[in-house]
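Before any comments, here is the structure.
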Amino acid sequence: MHASPHSLTIAGKTYRSRLLVGTGKYQDFAATRAAIDASGAEIVTVAIRRTNIGQNAAEPNLLDALPPSQFTILPNTAGCYTADDAVRTLRLARELLDGHPLCKLEVLGDPGNLFPNMPETLKAAATLVKEGFAVMVYCADDPIQAKMLEEIGCVAVMPLASLIGSGMGIVNPWNLRLIIDQAKVPVLVDAGVGTASDAAIAMELGCDGVLMNTAIAHARDPLLMASAMKKAVEAGREAFLAGRMARKFYSADPSSPTTGLIGS
């Protein structure tokens, strides 16, 4: 059975939704769950250094609100600045999630702009792939390094649209197209989405999915924004599959037929 063109396949598993969402920045786990339900997302990413998924027995456990039986948990290495820290963090996550191999690697280079440290990211990716992890990787919008990550064995590359938490949208669509056109693994925009039109544009460019957190969590009405993002990703995907009309500068083309007009 072939997967639907609307579905997303990562590491051999197929998902109905192409929207992936984060779990941070909400007031409590109940608010997190409500927003995720509104988004329709099936993959939820969790910052292991900031969120309890069982490593602190005395604290509320996110997995009680988002059970792995209902969602694919994507542990991430937010807050890691070296390859060694990132690898240690994901080894812990795999233990806490009973051997679950899917993970999101991010190794940051600067605490001010949260831009990825690509040499450390490449180093960590190589180690994790050798250890059997299925690595989805946050990276710069650099087509050369994105290809290197794919060749290492990452199951998805996730270039930033703009800086994490900035809401600036896609600042360099041309680089994203270069990455998409050469990739043989899914390409997902990760970071920088601010509103629904940003998500739709990413999908219209040909991205396989969009990952976001702040755009929903910091919206004035997170549930309504989650719903808007769900629709935007779906609409952008449909527009990409449909194929937009050619741009015709300085050339009008009437929408209605010109033959058979009264008086002609």
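Chain labels A, B, ... are given in the sequence in which chains occur in the structure tokens; within each chain residues are numbered consecutively from 1, and ligands are likewise numbered from 1 in the order shown.
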
If you take only C-alpha atoms and a cut-off of 9 Å, which residues of stretch 89-177 of chain A touch stretch 27-48 of chain A, and what are their nearest atom pairs and distances in Å to one decimal, in chain and number order, as CSV?
residue,atom,partner,partner_atom,distance
A:Thr89,CA,A:Ile48,CA,6.9
A:Leu90,CA,A:Ile48,CA,8.0
A:Leu92,CA,A:Ile48,CA,8.5
A:Ala93,CA,A:Ile48,CA,6.8
A:Cys103,CA,A:Thr45,CA,8.5
A:Lys104,CA,A:Thr45,CA,7.6

Find the residues near A:Ala196: any atom within 8 Å, counting only C-alpha atoms, skip ones fewer than 4 places away on the same chain, and give them as a PyMOL selection string. chain A and resi 200+225+228-229+232-233

Output for the residues just chosen: C-alpha atoms as a PDB file, in the first residue's frame:
ATOM      1  CA  ALA A 200       2.001  27.771   4.069  1.00  0.00           C
ATOM      2  CA  MET A 225      -3.203  29.601  16.222  1.00  0.00           C
ATOM      3  CA  ALA A 228      -4.609  27.968  11.867  1.00  0.00           C
ATOM      4  CA  MET A 229      -1.212  26.275  11.536  1.00  0.00           C
ATOM      5  CA  ALA A 232      -1.893  26.361   6.666  1.00  0.00           C
ATOM      6  CA  VAL A 233       0.313  23.281   6.417  1.00  0.00           C
TER       7      VAL A 233
END

A:Asp208 surroundings by only C-alpha atoms, 6 Å radius, close-in-sequence under 4 positions cut, as a PyMOL selection string: chain A and resi 186-188

Would you please give, as an MDAnalysis selection string, all residues of stretch 41-128 of chain A that DSSP assigns to alpha helix (DSSP H) based on the backbone? chainID A and resid 62:65 83:96 118:128

For atom CA of A:Arg16 and atom CA of A:Pro173, the interatomic separation in Å (one decimal): 25.3 Å
